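Scroll down for the structure; my scribbles are underneath it.
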2 protein chains.
Amino acid sequence: MRLVQDISEMKELALKARSSNKTVGFVPTMGYLHEGHLSLVRIAREKCGLLVVSIFVNPTQFVEGEDYDSYPRDMDLDMRLLDEESVDIAFLPGSEEMYPEDHSTSVEVEGLTSVLCGVSRPGHFRGVTTVVAKLFNIVKPHLAVFGEKDYQQAVVIKRMVRDLNMDTDIVMGPTVREEDGLALSSRNLYLNEEERNDASVLYESLLEGRRMVASGAADASEVKSVVTKMIEGKDTARLDYVSVVHPEKLVELQRIEDEAVIAVAATFGKARLIDNIRVFRKERN
Amino acid sequence: MRLVQDISEMKELALKARSSNKTVGFVPTMGYLHEGHLSLVRIAREKCGLLVVSIFVNPTQFVEGEDYDSYPRDMDLDMRLLDEESVDIAFLPGSEEMYPEDHSTSVEVEGLTSVLCGVSRPGHFRGVTTVVAKLFNIVKPHLAVFGEKDYQQAVVIKRMVRDLNMDTDIVMGPTVREEDGLALSSRNLYLNEEERNDASVLYESLLEGRRMVASGAADASEVKSVVTKMIEGKDTARLDYVSVVHPEKLVELQRIEDEAVIAVAATFGKARLIDNIRVFRKERN
């Protein structure tokens, strides 16, 4: 595995791969890698000739007061894990090169970013779309894989790619979970034992929501009310939102006609955690 | 010359050119072509294997109340002119394909766009950077040529390209002028005879500003005052601004140390016209 820190070196390697007709695959991450990331890496590895994984804790997607400084980092372990997955290039840009002092350009997707996590994290998605646009221009991937756990992020990036006429296929990789259902997240590290136990309620409540919808519940507020009660039943949980939204438009649904996404966010101790599930009115095989 | 309206067809042609190692050159325009545009086309023609010129009157860069509907169009003449310049592809995207109903992404350069024309045309540069980002992703040019007449636009686009790590070299082509110095612009068409005569004051005042600086004037307000008086001396002129700015940062200068750009904007009848000149404290050869 090759380590690349230099933006121009990464660009050159990407151009070279493209001109030798290799499919370039890309998994952007903020490091502190876990099985969730690695599952995305494996999806890309199977489809691509040159596989690039970036590790960059992007300052512009952390909102004032969030955990940018304390975000967990373990570069040695990350490098070993990526090497074991036969990643070709670990791209580790420096934030000074990514954001020179007079950096003043941003990419913004309106609408999709003003709901769900966009409400309590203003500016977060602008940070995400800007850095992903930059990384895409550097790595020039044919295909990029994002985790379904960050569902809104993946939908926003798909829209950016379509709107700006970019050439990257966005693939969503399924959420990887602990045995009790908790979605893997680098931020799970922040949980103490009680919080960790309580946090499994997120997925449990989503499963309950899915069962309700599958057995005919169409009233979104009824579903949200049950999910909300389950999460609020845990001592250490501070609920941010429970939403039932259209899978692509992300608008809040009153009535679930065919399918929807139930999305939740709650803070346990210092960890703000999110999760989501796709639900269908008629049970599908 | 090939006419292309389809975005995906244009993308394919660009990819094909790139994979056969042709240098792709690009001149984005809003049509109603004049010698100013054609001079940019010739610069690109000389340097590139595949030359693409786009004609797209971009709705999002017109501010409320501006001349989007009445902006002059003459597609037959434009096609003939481009054909005579040996342009390879005239790219004529439709606005429905460029901006589908749920288009919601924009690219913005802050700072550089809040001065000069950004003050009286809020949102204009966001429209420009968004459409240029889209066009660059479609045409994938190695090199794109912009007119120096729209100096702020070229500086803003250079910054966007740098900040978003795009691969396009931005070349500025010199302003082409009528015999009396008036910069060519599609909007000159709006001028009646009196306004047309008065409009030549823009360049005359810039030349006077340059003379002052070259012979030692360092106080920007002194220069601006002379330029302002000359423009306001014309009956049909309504001055928007006279500015003396840093050539790259576009910040207003109090004192001209070495070099600067004097930029002016004024409306004559229905035509809002702009012009600018680079000035040097010490006369250069």
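Letters A, B, ... mark the chains of the structure tokens in the order given; residue numbers begin at 1 per chain; ligand numbers begin at 1, in order shown.
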
(request) Using only C-alpha atoms, find which residues of chain A lie within 9 Å of chain B and jot them down as a ChimeraX atom specification. (result) /A:7,11,18-19,21,98-100,102-112,130-131,133-138,159-160,162-167

Requested write-out: N, CA and C atoms of the selected residues, as a tab-separated table (two decimals), in the first residue's frame:
chain	number	residue	atom	x	y	z
A	7	ILE	N	-1.32	16.41	-2.47
A	7	ILE	CA	-2.50	16.46	-3.36
A	7	ILE	C	-2.09	16.25	-4.81
A	11	LYS	N	-3.25	13.32	-7.42
A	11	LYS	CA	-3.87	13.62	-8.72
A	11	LYS	C	-3.16	12.89	-9.85
A	18	ARG	N	-6.39	6.21	-14.57
A	18	ARG	CA	-7.46	6.42	-15.55
A	18	ARG	C	-6.95	6.22	-16.97
A	19	SER	N	-5.74	6.72	-17.23
A	19	SER	CA	-5.26	6.62	-18.61
A	19	SER	C	-4.82	5.20	-18.95
A	21	ASN	N	-6.80	2.84	-18.12
A	21	ASN	CA	-8.12	2.19	-18.11
A	21	ASN	C	-8.46	1.40	-16.85
A	98	MET	N	-5.22	21.19	2.22
A	98	MET	CA	-6.62	21.14	1.81
A	98	MET	C	-7.29	22.52	1.94
A	99	TYR	N	-6.94	23.22	3.02
A	99	TYR	CA	-7.57	24.52	3.27
A	99	TYR	C	-6.52	25.60	3.49
A	100	PRO	N	-5.90	26.09	2.42
A	100	PRO	CA	-4.98	27.21	2.59
A	100	PRO	C	-5.75	28.40	3.19
A	102	ASP	N	-6.52	31.37	2.55
A	102	ASP	CA	-7.53	32.15	1.82
A	102	ASP	C	-8.51	31.26	1.05
A	103	HIS	N	-8.66	30.02	1.50
A	103	HIS	CA	-9.67	29.13	0.90
A	103	HIS	C	-11.04	29.75	1.11
A	104	SER	N	-11.80	29.89	0.05
A	104	SER	CA	-13.07	30.62	0.21
A	104	SER	C	-14.20	30.05	-0.62
A	105	THR	N	-14.04	28.82	-1.11
A	105	THR	CA	-15.08	28.23	-1.95
A	105	THR	C	-15.82	27.14	-1.19
A	106	SER	N	-17.12	27.11	-1.35
A	106	SER	CA	-17.90	26.03	-0.74
A	106	SER	C	-18.95	25.52	-1.71
A	107	VAL	N	-19.32	24.27	-1.50
A	107	VAL	CA	-20.37	23.63	-2.28
A	107	VAL	C	-21.53	23.35	-1.34
A	108	GLU	N	-22.71	23.74	-1.76
A	108	GLU	CA	-23.85	23.58	-0.87
A	108	GLU	C	-25.03	22.95	-1.61
A	109	VAL	N	-25.67	21.99	-0.94
A	109	VAL	CA	-26.90	21.40	-1.45
A	109	VAL	C	-28.03	21.92	-0.57
A	110	GLU	N	-28.95	22.66	-1.15
A	110	GLU	CA	-30.04	23.21	-0.34
A	110	GLU	C	-31.18	22.21	-0.20
A	111	GLY	N	-32.04	22.45	0.75
A	111	GLY	CA	-33.24	21.62	0.90
A	111	GLY	C	-32.94	20.33	1.65
A	112	LEU	N	-32.27	19.42	0.97
A	112	LEU	CA	-31.92	18.13	1.58
A	112	LEU	C	-31.10	18.29	2.86
A	130	THR	N	-18.40	20.16	0.42
A	130	THR	CA	-17.20	20.86	-0.06
A	130	THR	C	-15.99	19.92	-0.06
A	131	VAL	N	-15.79	19.21	1.04
A	131	VAL	CA	-14.60	18.35	1.09
A	131	VAL	C	-14.74	17.17	0.12
A	133	ALA	N	-16.38	17.21	-2.75
A	133	ALA	CA	-16.13	17.75	-4.09
A	133	ALA	C	-14.63	17.87	-4.32
A	134	LYS	N	-13.91	18.37	-3.32
A	134	LYS	CA	-12.46	18.50	-3.43
A	134	LYS	C	-11.82	17.12	-3.62
A	135	LEU	N	-12.18	16.18	-2.74
A	135	LEU	CA	-11.58	14.84	-2.81
A	135	LEU	C	-11.90	14.16	-4.15
A	136	PHE	N	-13.12	14.34	-4.64
A	136	PHE	CA	-13.46	13.74	-5.93
A	136	PHE	C	-12.60	14.33	-7.06
A	137	ASN	N	-12.35	15.63	-6.98
A	137	ASN	CA	-11.53	16.25	-8.03
A	137	ASN	C	-10.07	15.80	-7.94
A	138	ILE	N	-9.65	15.43	-6.75
A	138	ILE	CA	-8.27	14.96	-6.57
A	138	ILE	C	-8.15	13.49	-6.97
A	159	ARG	N	-27.04	13.85	-4.74
A	159	ARG	CA	-27.63	15.02	-5.37
A	159	ARG	C	-26.54	15.96	-5.88
A	160	MET	N	-25.51	16.18	-5.08
A	160	MET	CA	-24.41	17.04	-5.53
A	160	MET	C	-23.80	16.51	-6.82
A	162	ARG	N	-25.11	14.58	-9.07
A	162	ARG	CA	-26.02	14.76	-10.20
A	162	ARG	C	-26.05	16.23	-10.63
A	163	ASP	N	-26.23	17.13	-9.66
A	163	ASP	CA	-26.39	18.55	-9.98
A	163	ASP	C	-25.14	19.14	-10.61
A	164	LEU	N	-23.97	18.76	-10.12
A	164	LEU	CA	-22.73	19.33	-10.66
A	164	LEU	C	-22.19	18.50	-11.81
A	165	ASN	N	-22.97	17.53	-12.28
A	165	ASN	CA	-22.58	16.75	-13.47
A	165	ASN	C	-21.25	16.03	-13.29
A	166	MET	N	-21.01	15.58	-12.04
A	166	MET	CA	-19.79	14.80	-11.78
A	166	MET	C	-19.96	13.40	-12.33
A	167	ASP	N	-18.84	12.69	-12.47
A	167	ASP	CA	-18.87	11.38	-13.14
A	167	ASP	C	-18.75	10.20	-12.18

As a short mmCIF file (atom, residue, chain, number, x, y, z; two decimals) with C-alpha atoms, in the first residue's frame, please: every residue in segment 58-91 of chain B that DSSP puts in helix (DSSP H, G or I).
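The resulting out-v7.cif:
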data_model
loop_
_atom_site.label_atom_id
_atom_site.label_comp_id
_atom_site.auth_asym_id
_atom_site.auth_seq_id
_atom_site.Cartn_x
_atom_site.Cartn_y
_atom_site.Cartn_z
CA PRO B 59 -30.48 32.02 -15.97
CA THR B 60 -28.96 31.71 -12.49
CA GLN B 61 -26.39 34.45 -13.03
CA MET B 75 -27.72 31.27 -32.92
CA ASP B 76 -27.32 31.15 -36.72
CA LEU B 77 -24.70 33.86 -36.76
CA ASP B 78 -22.97 32.33 -33.71
CA MET B 79 -22.70 28.94 -35.43
CA ARG B 80 -21.25 30.50 -38.57
CA LEU B 81 -18.66 32.46 -36.58
CA LEU B 82 -17.57 29.44 -34.54
CA ASP B 83 -17.36 27.32 -37.66
CA GLU B 84 -15.07 29.91 -39.26
#

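Every protein or nucleic acid residue with an atom no more than 8 Å from Met230 of chain B, counting only C-alpha atoms and leaving out same-chain residues fewer than 3 positions away, appears here: Val201, Ser205, Val226, Val227, Gly233 and Lys234 of chain B.
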
(request) Using backbone DSSP assignments, extract all strand (DSSP E or B) residues from segment 111-209 of chain A; output them as a PyMOL selection string. (result) chain A and resi 143-147+169-173+177+183

(message) Ranking B:Ala217, B:Leu33, B:Val24, B:Ala265 by minimum distance to Leu50 of chain B and counting only C-alpha atoms, which one comes first?
(response) B:Val24

(message) Applying 8 Å and only C-alpha atoms, which residues near Cys48 of chain A remain after dropping the ones on its own chain fewer than 4 positions away? List them as a list in words.
(response) Lys22, Thr23, Val24, Gly25 and Ala44 of chain A
